[in-house]
Amino acid sequence: MADHGVNEPATPEPPRGSTGSFLGKAAGVIVLLGLAVLIGLWGVQRYVERKLSPDPTTVASASLQGLREQNRLSAFAARFVAVSTSRQSQLGLSTEKTLIMPGLVRYEVDLGKLTQRDVAWDAATRTLLVRLPPIELDGPQVDLTAIREYGSGGILSRLTDADTALDAANRRAGQAELVRQARDATPMKLARDATRRAVENSFVMPLRAAGIDATVKVSFVDDPTASTERWDESRSLAEVLGNAR
């Protein structure tokens, strides 16, 4: 016969508090591991960006080398017309001639004179400063087919070499007048502006292609309004690249 008076011992249940504590600790560990992974990934990304991101000074140095290989840059040209009149008197006689001489003048910069000290990087404002040598005139190149001469002629021209002397004097005066016009403030300003834009583009385009957001400002060593205050606070490519080595 079965003994109905004896009860089997019940299986003890785990305390609810200990289960909740275990789950809480496990969740905390998972969160910490996730944060550690995220921090690690962020650190790796920053390291890769520092290693792979292009350096503005390196890009600028390559652009500078490309400009120097061009040797001379002519970003502006202008056509001028000189009018000169010469007179000559001999033996009580006189004669004169007027010369109309058109000529073309090119405004050039000797890029071979550029050095790394002429390019500075201002990291605070992300500005690349470029300092160019003075603009030089090439010419004038006289259009011989467009020259016009007018003269009174006369007996003196037939008896002497007055015509030859007048032609030589007019050509010298015409050349000097073309150069004077070319050095006038207005064409010089136009030449500076055109050259400045051309050089700025030569540096801006490679920087943008490399994904670098920077401003390029170009000045001339003989620019009367140029300020050296910011330049003195910046570091030239020679200094930056020298420290990198």
# chains A, B, ... in the order shown; residues from 1 in each chain; ligands from 1

call {"tool": "residues_around", "arguments": {"residues": "Ala191 in chain A", "least_positions_apart": "3", "cutoff": "7 Å", "atoms": "only C-alpha atoms", "output": "JSON, numbers by chain"}}
result
{"A": [76, 107, 187, 188, 194, 195]}

call {"tool": "residues_around", "arguments": {"residues": "range 206-215 of chain A", "least_positions_apart": "2", "cutoff": "7 Å", "atoms": "only C-alpha atoms", "output": "list of chain:residue names"}}
result
A:Pro54, A:Pro56, A:Val59, A:Arg126, A:Thr127, A:Leu128, A:Phe203, A:Val204, A:Lys217

call {"tool": "atom_distance", "arguments": {"atom1": "CA of Val119 in chain A", "atom2": "CA of Leu190 in chain A"}}
result
22.9 Å

call {"tool": "closest_residue", "arguments": {"among": "A:Arg171, A:Arg106, A:Arg180, A:Arg196", "to": "Glu149 in chain A", "atoms": "only C-alpha atoms"}}
result
A:Arg171

call {"tool": "closest_residue", "arguments": {"among": "A:Val221, A:Met205, A:Ala123, A:Ala165", "to": "Val109 in chain A", "atoms": "only C-alpha atoms"}}
result
A:Val221

call {"tool": "atom_distance", "arguments": {"atom1": "CA of Ala120 in chain A", "atom2": "CA of Arg72 in chain A"}}
result
21.2 Å
